[in-house]
>>> print(open('model.tsv').read())   # TSV, C-alpha atoms
chain	number	residue	atom	x	y	z
A	1	MET	CA	69.54	121.59	72.69
A	2	ASN	CA	70.41	120.38	76.21
A	3	GLU	CA	67.66	122.55	77.70
A	4	ALA	CA	65.16	121.28	75.14
A	5	ILE	CA	66.01	117.70	75.98
A	6	GLN	CA	65.63	118.39	79.70
A	7	THR	CA	62.25	120.11	79.32
A	8	GLY	CA	60.90	117.72	76.70
A	9	SER	CA	60.20	120.47	74.15
A	10	VAL	CA	61.87	118.79	71.16
A	11	PRO	CA	59.01	117.75	68.88
A	12	GLY	CA	58.34	114.74	66.64
A	13	ARG	CA	61.10	112.48	65.42
A	14	ARG	CA	63.84	114.58	66.99
A	15	GLY	CA	62.11	114.22	70.33
A	16	ALA	CA	61.94	110.44	69.95
A	17	ILE	CA	65.66	110.25	69.09
A	18	ALA	CA	66.51	112.51	72.00
A	19	ALA	CA	64.46	110.31	74.34
A	20	VAL	CA	66.47	107.26	73.24
A	21	LEU	CA	69.84	108.99	73.44
A	22	PHE	CA	68.98	110.80	76.66
A	23	PRO	CA	66.80	108.62	78.90
A	24	PRO	CA	65.68	110.06	82.26
A	25	ILE	CA	68.52	111.34	84.40
A	26	GLN	CA	68.07	108.65	87.04
A	27	VAL	CA	68.78	106.02	84.34
A	28	ARG	CA	71.87	107.83	83.07
A	29	PHE	CA	73.08	108.48	86.62
A	30	ALA	CA	72.61	104.81	87.56
A	31	ILE	CA	74.66	103.65	84.56
A	32	ALA	CA	77.48	106.07	85.38
A	33	LEU	CA	77.33	105.04	89.04
A	34	LEU	CA	77.75	101.37	88.16
A	35	LEU	CA	80.69	102.09	85.86
A	36	THR	CA	82.31	104.15	88.60
A	37	PHE	CA	81.84	101.51	91.30
A	38	PHE	CA	82.76	98.40	89.29
A	39	PRO	CA	85.23	99.36	86.54
A	40	LEU	CA	87.35	96.21	86.72
A	41	GLY	CA	84.21	94.14	86.21
A	42	LEU	CA	82.10	96.16	83.77
A	43	LEU	CA	84.93	97.71	81.74
A	44	TYR	CA	87.17	94.65	81.48
A	45	PRO	CA	89.50	94.32	79.55
A	46	LEU	CA	89.90	98.05	78.86
A	47	ASP	CA	93.28	99.27	80.07
A	48	TYR	CA	94.24	102.64	81.55
A	49	PRO	CA	93.25	105.25	80.48
A	50	ALA	CA	90.53	103.87	78.17
A	51	GLY	CA	88.25	102.80	81.02
A	52	GLU	CA	88.72	106.07	82.88
A	53	LEU	CA	87.97	108.08	79.73
A	54	LEU	CA	84.82	106.07	79.07
A	55	THR	CA	83.59	106.73	82.61
A	56	LEU	CA	84.30	110.44	82.22
A	57	CYS	CA	82.35	110.48	78.96
A	58	CYS	CA	79.47	108.73	80.70
A	59	TRP	CA	79.30	111.44	83.37
A	60	ILE	CA	79.31	114.09	80.62
A	61	TRP	CA	76.28	112.24	79.26
A	62	VAL	CA	74.64	112.40	82.69
A	63	PHE	CA	75.27	116.12	83.12
A	64	PRO	CA	75.62	117.51	79.57
A	65	SER	CA	77.00	120.95	78.81
A	66	PRO	CA	78.57	122.72	75.81
A	67	VAL	CA	82.04	122.62	77.39
A	68	GLY	CA	81.64	118.93	78.16
A	69	TRP	CA	80.67	118.10	74.58
A	70	LEU	CA	83.47	120.26	73.16
A	71	SER	CA	86.02	118.52	75.37
A	72	LEU	CA	85.27	115.26	73.56
A	73	GLY	CA	87.12	116.72	70.59
A	74	LEU	CA	90.36	116.10	72.49
A	75	LEU	CA	89.85	112.33	72.60
A	76	PRO	CA	91.35	111.56	69.15
A	77	LEU	CA	94.58	113.31	70.22
A	78	ILE	CA	95.13	111.28	73.38
A	79	PRO	CA	96.68	108.15	71.74
A	80	GLY	CA	99.33	110.33	70.04
A	81	ASP	CA	102.91	110.33	71.30
A	82	THR	CA	103.59	114.04	70.85
A	83	TYR	CA	100.49	115.79	72.18
A	84	GLY	CA	98.68	112.85	73.73
A	85	TYR	CA	99.51	113.49	77.38
A	86	PHE	CA	98.73	117.19	77.07
A	87	ALA	CA	95.35	116.33	75.52
A	88	PHE	CA	94.65	113.78	78.26
A	89	ASN	CA	95.28	116.32	81.01
A	90	LEU	CA	93.27	119.03	79.26
A	91	PHE	CA	90.36	116.67	78.67
A	92	CYS	CA	90.31	115.61	82.33
A	93	LEU	CA	90.40	119.25	83.45
A	94	ALA	CA	87.68	120.46	81.07
A	95	ALA	CA	85.42	117.43	81.55
A	96	THR	CA	85.47	117.36	85.35
A	97	LEU	CA	84.89	121.10	85.75
A	98	ALA	CA	82.10	120.98	83.15
A	99	ILE	CA	80.47	118.04	84.95
A	100	ALA	CA	80.53	119.89	88.29
A	101	ARG	CA	79.02	123.04	86.78
A	102	ALA	CA	76.36	121.10	84.86
A	103	ALA	CA	75.43	119.12	88.00
A	104	PHE	CA	75.10	122.36	89.96
A	105	ARG	CA	72.81	123.83	87.27
A	106	SER	CA	70.85	120.64	86.50
A	107	ARG	CA	67.11	121.02	85.94
A	108	GLU	CA	66.44	117.29	85.59
A	109	LEU	CA	67.42	116.00	89.01
A	110	HIS	CA	64.87	116.34	91.81
A	111	LEU	CA	64.67	115.10	95.37
A	112	LYS	CA	62.52	112.12	94.41
A	113	GLU	CA	65.18	110.87	91.97
A	114	SER	CA	67.94	111.47	94.52
A	115	VAL	CA	66.23	109.11	96.97
A	116	GLY	CA	66.36	106.24	94.48
A	117	LEU	CA	69.95	107.05	93.56
A	118	HIS	CA	70.97	106.98	97.22
A	119	LYS	CA	69.47	103.50	97.56
A	120	LEU	CA	71.44	102.33	94.50
A	121	ALA	CA	74.66	103.87	95.82
A	122	ARG	CA	74.07	102.17	99.18
A	123	THR	CA	73.69	98.78	97.47
A	124	CYS	CA	76.83	99.36	95.38
A	125	MET	CA	78.76	100.45	98.46
A	126	ALA	CA	77.66	97.38	100.42
A	127	ALA	CA	78.71	95.07	97.58
A	128	THR	CA	82.05	96.84	97.27
A	129	LEU	CA	82.74	96.61	100.99
A	130	ALA	CA	81.82	92.92	101.08
A	131	LEU	CA	84.27	92.20	98.27
A	132	ALA	CA	86.93	94.44	99.81
A	133	ALA	CA	86.56	92.65	103.17
A	134	ALA	CA	87.08	89.31	101.44
A	135	GLN	CA	90.21	90.69	99.77
A	136	ALA	CA	91.53	92.05	103.07
A	137	VAL	CA	91.39	88.66	104.82
A	138	THR	CA	92.79	86.59	101.95
A	139	ASP	CA	96.01	86.47	99.97
A	140	PRO	CA	96.25	89.65	97.82
A	141	TYR	CA	98.20	87.79	95.12
A	142	LEU	CA	95.19	85.55	94.57
A	143	TRP	CA	93.11	88.58	93.56
A	144	MET	CA	95.87	90.23	91.56
A	145	SER	CA	96.36	87.05	89.54
A	146	VAL	CA	92.71	87.23	88.48
A	147	LEU	CA	92.52	91.03	88.14
A	148	SER	CA	95.93	91.99	86.77
A	149	LYS	CA	95.22	95.75	86.99
A	150	MET	CA	94.57	95.60	90.73
A	151	ARG	CA	97.22	96.62	93.27
A	152	LEU	CA	96.65	95.20	96.74
A	153	GLU	CA	98.56	94.78	99.97
A	154	SER	CA	97.94	92.38	102.80
A	155	GLY	CA	95.02	93.43	104.98
A	156	ARG	CA	93.57	95.90	102.46
A	157	GLY	CA	90.74	95.61	99.96
A	158	ALA	CA	89.70	97.56	96.87
A	159	GLY	CA	86.47	95.96	95.65
A	160	LEU	CA	86.53	96.24	91.85
A	161	LYS	CA	88.68	99.37	91.83
A	162	SER	CA	92.39	99.34	91.02
A	163	GLU	CA	93.60	100.12	94.55
A	164	PRO	CA	92.16	100.71	98.05
A	165	SER	CA	92.58	104.50	97.97
A	166	GLN	CA	90.15	104.71	95.04
A	167	LEU	CA	87.29	103.76	97.33
A	168	ALA	CA	87.51	107.35	98.58
A	169	SER	CA	85.74	108.54	95.44
A	170	LEU	CA	83.01	105.93	95.86
A	171	LEU	CA	82.49	106.98	99.46
A	172	VAL	CA	82.19	110.61	98.36
A	173	LEU	CA	79.43	109.74	95.87
A	174	TYR	CA	77.55	107.71	98.44
A	175	LEU	CA	77.86	110.31	101.21
A	176	VAL	CA	76.72	113.26	99.09
A	177	LEU	CA	73.55	111.36	98.19
A	178	LEU	CA	73.09	110.36	101.84
A	179	VAL	CA	73.50	113.95	103.07
A	180	GLY	CA	71.10	115.15	100.38
A	181	ARG	CA	68.52	112.62	101.49
A	182	ILE	CA	68.87	113.50	105.17
A	183	GLU	CA	68.58	117.20	104.34
A	184	SER	CA	65.37	116.55	102.39
A	185	MET	CA	63.57	115.29	105.48
A	186	PRO	CA	61.44	117.77	107.42
A	187	ALA	CA	62.46	118.63	110.97
A	188	THR	CA	59.58	116.76	112.61
A	189	ARG	CA	59.31	114.01	115.19
A	190	ASP	CA	57.89	111.63	112.60
A	191	SER	CA	60.97	111.91	110.42
A	192	LEU	CA	63.47	111.77	113.30
A	193	ARG	CA	63.56	107.96	113.31
A	194	ALA	CA	64.25	107.83	109.57
A	195	ARG	CA	66.95	110.51	109.86
A	196	ASN	CA	68.66	108.64	112.70
A	197	SER	CA	68.46	105.40	110.72
A	198	LEU	CA	70.17	107.01	107.73
A	199	PHE	CA	72.73	108.61	110.01
A	200	ARG	CA	73.61	105.24	111.56
A	201	GLU	CA	73.79	103.70	108.09
A	202	GLY	CA	76.28	106.33	106.96
A	203	ILE	CA	78.47	105.94	110.04
A	204	LEU	CA	78.55	102.15	109.63
A	205	ILE	CA	79.59	102.38	105.97
A	206	VAL	CA	82.23	104.99	106.79
A	207	LEU	CA	83.76	102.86	109.54
A	208	CYS	CA	83.75	99.75	107.36
A	209	THR	CA	85.39	101.60	104.48
A	210	VAL	CA	88.17	102.94	106.69
A	211	ALA	CA	88.71	99.47	108.18
A	212	VAL	CA	88.94	97.50	104.92
A	213	THR	CA	91.00	100.06	102.97
A	214	ARG	CA	93.30	101.53	105.63
A	215	SER	CA	93.64	104.43	103.23
A	216	ILE	CA	94.53	108.02	104.10
A	217	SER	CA	92.60	109.20	101.02
A	218	VAL	CA	89.50	107.51	102.43
A	219	LEU	CA	90.14	109.21	105.77
A	220	ILE	CA	90.30	112.59	104.00
A	221	ALA	CA	87.02	111.84	102.21
A	222	VAL	CA	85.42	111.03	105.56
A	223	ALA	CA	86.76	114.24	107.08
A	224	CYS	CA	85.06	116.25	104.34
A	225	PHE	CA	81.62	115.06	105.47
A	226	VAL	CA	82.17	115.30	109.22
A	227	PRO	CA	80.63	118.81	109.45
A	228	ALA	CA	77.53	117.87	107.45
A	229	LEU	CA	76.93	114.69	109.44
A	230	LEU	CA	78.10	115.52	112.95
A	231	MET	CA	77.56	119.27	113.42
A	232	ARG	CA	73.88	118.78	114.19
A	233	ARG	CA	72.24	119.34	117.56
A	234	LYS	CA	69.55	116.81	116.75
A	235	HIS	CA	72.23	114.15	116.35
A	236	ALA	CA	74.28	115.11	119.40
A	237	VAL	CA	74.25	111.66	121.04
A	238	LEU	CA	74.73	109.79	117.77
A	239	ALA	CA	77.47	112.24	116.75
A	240	LEU	CA	79.38	111.66	119.99
A	241	SER	CA	79.04	107.90	119.58
A	242	ALA	CA	80.22	108.15	115.97
A	243	LEU	CA	83.25	110.21	116.96
A	244	LEU	CA	84.23	107.67	119.60
A	245	ALA	CA	83.77	104.77	117.20
A	246	GLY	CA	85.67	106.62	114.48
A	247	THR	CA	88.55	107.31	116.84
A	248	VAL	CA	88.79	103.63	117.79
A	249	VAL	CA	88.58	102.37	114.20
A	250	GLY	CA	90.92	105.04	112.85
A	251	SER	CA	93.58	104.46	115.48
A	252	SER	CA	93.30	100.69	115.10
A	253	PHE	CA	93.64	100.55	111.31
A	254	LEU	CA	95.50	103.77	110.46
A	255	GLY	CA	97.17	104.86	113.69
A	256	GLU	CA	100.43	102.98	113.12
A	257	ARG	CA	100.72	104.13	109.49
A	258	VAL	CA	100.05	107.78	110.30
A	259	GLY	CA	102.39	107.67	113.31
A	260	GLU	CA	105.24	106.28	111.21
A	261	ALA	CA	104.63	108.90	108.53
A	262	ILE	CA	104.81	111.75	111.06
A	263	GLU	CA	107.96	110.32	112.60
A	264	THR	CA	109.81	109.79	109.30
A	265	SER	CA	108.79	113.19	107.89
A	266	GLY	CA	111.04	114.98	110.37
A	267	GLY	CA	108.63	117.88	110.66
A	268	SER	CA	108.55	118.55	106.90
A	269	ALA	CA	105.02	119.03	105.56
A	270	THR	CA	106.21	118.16	102.05
A	271	ASP	CA	107.73	114.86	103.17
A	272	LEU	CA	104.64	114.08	105.26
A	273	ILE	CA	102.26	114.12	102.28
A	274	THR	CA	104.67	112.41	99.86
A	275	GLU	CA	107.57	110.16	100.85
A	276	SER	CA	106.44	109.42	104.41
A	277	VAL	CA	103.10	107.98	103.25
A	278	GLY	CA	104.60	106.35	100.17
A	279	SER	CA	102.73	108.59	97.75
A	280	TRP	CA	103.84	110.73	94.80
A	281	ARG	CA	100.38	112.15	94.06
A	282	ASN	CA	100.96	115.66	95.39
A	283	VAL	CA	104.55	115.94	94.18
A	284	PRO	CA	103.45	117.50	90.83
A	285	ASP	CA	101.36	120.05	92.75
A	286	ILE	CA	104.39	120.99	94.85
A	287	LEU	CA	106.57	121.23	91.73
A	288	ILE	CA	104.11	123.54	89.98
A	289	LEU	CA	103.71	125.82	93.01
A	290	SER	CA	107.45	125.94	93.72
A	291	ASN	CA	108.16	126.77	90.06
A	292	ALA	CA	105.21	129.10	89.54
A	293	ARG	CA	106.99	131.25	86.97
A	294	ASP	CA	107.59	128.29	84.69
A	295	PHE	CA	103.93	127.21	84.84
A	296	LEU	CA	102.20	130.60	84.96
A	297	PHE	CA	101.10	130.42	81.33
A	298	PRO	CA	100.55	127.49	78.93
A	299	GLY	CA	103.76	126.00	77.58
A	300	ASN	CA	104.71	123.73	74.73
A	301	PRO	CA	102.12	120.90	74.63
A	302	ALA	CA	104.82	118.45	73.56
A	303	ASP	CA	107.04	119.12	76.61
A	304	VAL	CA	104.65	118.37	79.48
A	305	ARG	CA	106.49	115.32	80.81
A	306	ALA	CA	109.98	116.69	80.15
A	307	LYS	CA	109.18	119.94	81.96
A	308	MET	CA	107.77	118.08	84.97
A	309	THR	CA	110.85	115.84	85.17
A	310	MET	CA	113.20	118.83	84.96
A	311	CYS	CA	111.47	120.56	87.87
A	312	ALA	CA	111.47	117.32	89.89
A	313	VAL	CA	115.23	116.89	89.45
A	314	GLN	CA	115.81	120.48	90.58
A	315	LEU	CA	113.81	119.82	93.74
A	316	ASN	CA	115.36	116.43	94.47
A	317	PRO	CA	117.45	114.28	92.10
A	318	ALA	CA	115.78	111.20	93.60
A	319	LEU	CA	112.51	112.37	92.00
A	320	ALA	CA	113.86	112.13	88.46
A	321	TRP	CA	111.25	109.49	87.66
A	322	ILE	CA	108.39	111.99	88.16
A	323	GLN	CA	106.89	112.94	84.79
A	324	ASN	CA	103.12	112.61	85.19
A	325	THR	CA	100.39	114.57	86.94
A	326	PHE	CA	97.73	113.20	89.27
A	327	SER	CA	95.39	115.87	90.58
A	328	THR	CA	93.06	118.24	88.75
A	329	PHE	CA	95.24	121.14	89.93
A	330	SER	CA	98.39	119.72	88.37
A	331	ALA	CA	96.48	118.86	85.18
A	332	GLY	CA	95.47	122.50	84.94
A	333	GLY	CA	98.97	123.75	85.70
A	334	VAL	CA	100.59	121.85	82.82
A	335	THR	CA	97.88	122.68	80.26
A	336	VAL	CA	96.10	126.02	80.68
A	337	GLY	CA	98.72	127.39	83.08
A	338	LEU	CA	98.75	128.31	86.75
A	339	LEU	CA	97.08	131.70	86.22
A	340	ALA	CA	94.03	130.29	84.40
A	341	THR	CA	93.83	127.41	86.89
A	342	ALA	CA	93.83	129.86	89.80
A	343	CYS	CA	91.07	131.89	88.13
A	344	ALA	CA	88.96	128.76	87.67
A	345	PHE	CA	89.61	127.78	91.29
A	346	VAL	CA	88.55	131.17	92.66
A	347	ALA	CA	85.47	131.36	90.41
A	348	GLY	CA	84.29	127.92	91.50
A	349	LEU	CA	84.99	128.72	95.14
A	350	ALA	CA	82.94	131.92	94.97
A	351	ALA	CA	80.01	130.21	93.23
A	352	GLY	CA	79.85	127.34	95.68
A	353	TRP	CA	80.49	129.34	98.85
A	354	LYS	CA	77.45	131.57	98.42
A	355	SER	CA	75.17	128.58	97.81
A	356	PHE	CA	75.06	127.62	101.50
A	357	SER	CA	74.32	130.92	103.23
A	358	SER	CA	71.74	129.18	105.45
A	359	SER	CA	73.83	126.15	106.47
A	360	LEU	CA	77.31	126.46	107.97
A	361	PRO	CA	77.91	122.65	108.24
A	362	LEU	CA	77.11	122.13	104.54
A	363	ARG	CA	79.26	125.12	103.59
A	364	ILE	CA	82.26	123.70	105.45
A	365	THR	CA	81.70	120.24	103.95
A	366	TRP	CA	81.48	121.71	100.46
A	367	LEU	CA	84.69	123.71	100.95
A	368	MET	CA	86.63	120.65	102.12
A	369	LEU	CA	85.18	118.59	99.29
A	370	TYR	CA	86.13	121.30	96.78
A	371	LEU	CA	89.74	121.29	97.98
A	372	ALA	CA	89.85	117.48	97.87
A	373	ALA	CA	88.54	117.50	94.28
A	374	TRP	CA	91.30	119.88	93.22
A	375	PHE	CA	94.25	118.41	95.14
A	376	ILE	CA	93.55	114.92	96.55
A	377	LEU	CA	91.46	112.75	94.23
A	378	SER	CA	92.61	111.79	90.75
A	379	LYS	CA	92.07	114.06	87.74
A	380	TRP	CA	90.32	111.32	85.72
A	381	ASP	CA	87.81	110.41	88.43
A	382	PRO	CA	84.85	112.84	88.33
A	383	SER	CA	83.22	111.49	91.51
A	384	ALA	CA	84.34	114.35	93.75
A	385	TRP	CA	83.35	116.90	91.10
A	386	VAL	CA	79.91	115.30	90.79
A	387	ALA	CA	79.58	115.69	94.56
A	388	VAL	CA	80.83	119.31	94.39
A	389	GLY	CA	77.98	120.08	92.00
A	390	LEU	CA	75.33	117.91	93.64
A	391	LEU	CA	75.69	119.17	97.21
A	392	PRO	CA	74.57	122.76	96.48
A	393	LEU	CA	71.97	121.48	94.00
A	394	LEU	CA	70.37	119.18	96.58
A	395	HIS	CA	70.51	121.95	99.17
A	396	LYS	CA	68.72	124.27	96.75
A	397	LEU	CA	66.13	121.60	95.88
A	398	ASN	CA	65.48	121.04	99.57
A	399	ALA	CA	64.56	124.70	99.91
A	400	ARG	CA	62.36	124.63	96.80
A	401	GLU	CA	60.71	121.23	97.23
A	402	PRO	CA	60.05	120.88	100.99
A	403	GLY	CA	58.26	117.72	101.96
A	404	ASP	CA	58.35	116.12	98.50
A	405	CYS	CA	60.11	113.03	99.80
A	406	VAL	CA	58.30	112.63	103.10
A	407	ARG	CA	56.22	109.68	101.87
A	408	GLU	CA	59.30	107.79	100.59
A	409	GLN	CA	61.14	108.35	103.87
A	410	ALA	CA	58.13	107.28	105.95
A	411	GLU	CA	57.63	104.11	103.90
A	412	GLU	CA	61.24	103.04	104.35
A	413	ALA	CA	61.21	103.87	108.06
>>> encode(input="model.tsv", output="structure tokens")
Amino acid sequence: MNEAIQTGSVPGRRGAIAAVLFPPIQVRFAIALLLTFFPLGLLYPLDYPAGELLTLCCWIWVFPSPVGWLSLGLLPLIPGDTYGYFAFNLFCLAATLAIARAAFRSRELHLKESVGLHKLARTCMAATLALAAAQAVTDPYLWMSVLSKMRLESGRGAGLKSEPSQLASLLVLYLVLLVGRIESMPATRDSLRARNSLFREGILIVLCTVAVTRSISVLIAVACFVPALLMRRKHAVLALSALLAGTVVGSSFLGERVGEAIETSGGSATDLITESVGSWRNVPDILILSNARDFLFPGNPADVRAKMTMCAVQLNPALAWIQNTFSTFSAGGVTVGLLATACAFVAGLAAGWKSFSSSLPLRITWLMLYLAAWFILSKWDPSAWVAVGLLPLLHKLNAREPGDCVREQAEEA
């Protein structure tokens, strides 16, 4: 059915219904993009996790697949007290992986559509940064009194996301579309000006995002795209300038925070990524890996939180409050088990790695992005997984559709 919708082969009344339910992919993608960028505005007053689940469902609609549709069957179980948290983790795991695979295999998205989507993402990113800058220079309590679900600190902004670190996922979506657009341009003198213009645009947005969020998650997202953007001979001068500017901005807005984290960690890698930076996000990952036997196979769906708390207390009694998961990896560990999660990880790694045999910078970027999607960004935010699927797709389209977007690039230049 999905293939028939994509190719337009569903006849008569069924075709008309399908056209209404499944408008062109650029329309569906734009709707999902807006929900992802502005959840506190467009999804108000939905509380966690209702808004996050709706956004996930929207991305399943953008990139449909059998696994994605089947995962929706878990939604009625999520409000339940007994199996609700297990169902929530399993839905996030199944939905995000299905979205990535469907994006990678999409037959609807072409380079021409990706150009328009990049322009929309750029507009959304500019609006988000403008709002985040206003939040950074004003009293955070003023914003939190209006948007009760927002968590801000002085000197940091979050746009219409719940906290500054969540802008990392928005930056990932924007940058993957930017890289795809740059890659679509032919290596000619005529397109060099447009490529440099897009390159400067990306660097400016990256620097502004780091400055207004002062988030380590944002810094990790930026690091993922450094190979794709800077490992280019044609951009040697711009790349050097960008590295210098990035060093200045990073040290100015994050240097003190990172320095304090390194100092207080006492040389412990575990403390560095958890207590020293004031984050619990990777604690569940550490608990699952350090208690691999207990998480090797699926356990009792009703004991997810109790099992996590027990392992946390064994590691450190001060972590007795830990009972939830954050990353896709930890969601997989407490649902399908560590063995199945590892198999899915290796299978995805193998599929993506061989997609960039002709481009080492893109291959490195994809690998870093893949690791960030598993371990850094939140399990309910599919943005990184959309990028994991889109990057090899756009690379493949660039090889198949050379020159299709030359006119659009020339007009904008």
>>> closest_residue(input="model.tsv", among="A:Phe37, A:Ser358, A:Lys379, A:Arg101", to="Thr123 (chain A)", atoms="only C-alpha atoms")
A:Phe37
>>> residues_around(input="model.tsv", residues="Arg293 (chain A)", least_positions_apart="3", cutoff="10 Å", atoms="all atoms listed in the file", output="ChimeraX atom specification")
/A:288-290,296-297,337-339
>>> atom_distance(input="model.tsv", atom1="CA of Val222 (chain A)", atom2="CA of Trp143 (chain A)")
26.6 Å
>>> residues_near_point(input="model.tsv", point="(83.6, 106.0, 89.2)", cutoff="10 Å", atoms="only C-alpha atoms", output="list in words")
Ala32, Leu33, Leu34, Leu35, Thr36, Phe37, Phe38, Pro39, Gly51, Glu52, Thr55, Leu56, Cys58, Trp59, Lys161, Gln166, Leu167, Ser169, Leu170, Leu173, Trp380, Asp381, Pro382, Ser383 and Ala384 of chain A
>>> closest_residue(input="model.tsv", among="A:Val146, A:Leu362, A:Val67, A:Val176", to="His118 (chain A)", atoms="all atoms listed in the file")
A:Val176
>>> residues_around(input="model.tsv", residues="Val218 (chain A)", least_positions_apart="5", cutoff="7 Å", atoms="all atoms listed in the file", output="PyMOL selection string")
chain A and resi 165+167-168+210
>>> closest_residue(input="model.tsv", among="A:Leu367, A:Cys124, A:Ala318, A:Ile203", to="Gly389 (chain A)", atoms="all atoms listed in the file")
A:Leu367
>>> closest_residue(input="model.tsv", among="A:Leu97, A:Leu394, A:Leu177, A:Ala306", to="Ala344 (chain A)", atoms="all atoms listed in the file")
A:Leu97
>>> atom_distance(input="model.tsv", atom1="CA of Ala136 (chain A)", atom2="CA of Ile205 (chain A)")
16.1 Å
>>> atom_distance(input="model.tsv", atom1="CA of Met150 (chain A)", atom2="CA of Ser162 (chain A)")
4.3 Å
>>> closest_residue(input="model.tsv", among="A:Cys208, A:Lys112, A:Met125, A:Ile99", to="Ser184 (chain A)", atoms="all atoms listed in the file")
A:Lys112
>>> residues_around(input="model.tsv", residues="region 350-357 of chain A", least_positions_apart="6", cutoff="12 Å", atoms="all atoms listed in the file", output="PyMOL selection string")
chain A and resi 100-101+104-105+228+343-344+363-371+385+387-399
>>> residues_near_point(input="model.tsv", point="(66.5, 112.4, 89.6)", cutoff="9 Å", atoms="all atoms listed in the file", output="PyMOL selection string")
chain A and resi 24-27+29+108-117
>>> write_last_selection(input="model.tsv", atoms="C-alpha atoms", output="short mmCIF file (atom, residue, chain, number, x, y, z; two decimals), keeping the file's coordinate frame")
data_model
loop_
_atom_site.label_atom_id
_atom_site.label_comp_id
_atom_site.auth_asym_id
_atom_site.auth_seq_id
_atom_site.Cartn_x
_atom_site.Cartn_y
_atom_site.Cartn_z
CA PRO A 24 65.68 110.06 82.26
CA ILE A 25 68.52 111.34 84.40
CA GLN A 26 68.07 108.65 87.04
CA VAL A 27 68.78 106.02 84.34
CA PHE A 29 73.08 108.48 86.62
CA GLU A 108 66.44 117.29 85.59
CA LEU A 109 67.42 116.00 89.01
CA HIS A 110 64.87 116.34 91.81
CA LEU A 111 64.67 115.10 95.37
CA LYS A 112 62.52 112.12 94.41
CA GLU A 113 65.18 110.87 91.97
CA SER A 114 67.94 111.47 94.52
CA VAL A 115 66.23 109.11 96.97
CA GLY A 116 66.36 106.24 94.48
CA LEU A 117 69.95 107.05 93.56
#
>>> closest_residue(input="model.tsv", among="A:Trp280, A:Phe295, A:Phe22, A:Phe199", to="Leu319 (chain A)", atoms="only C-alpha atoms")
A:Trp280
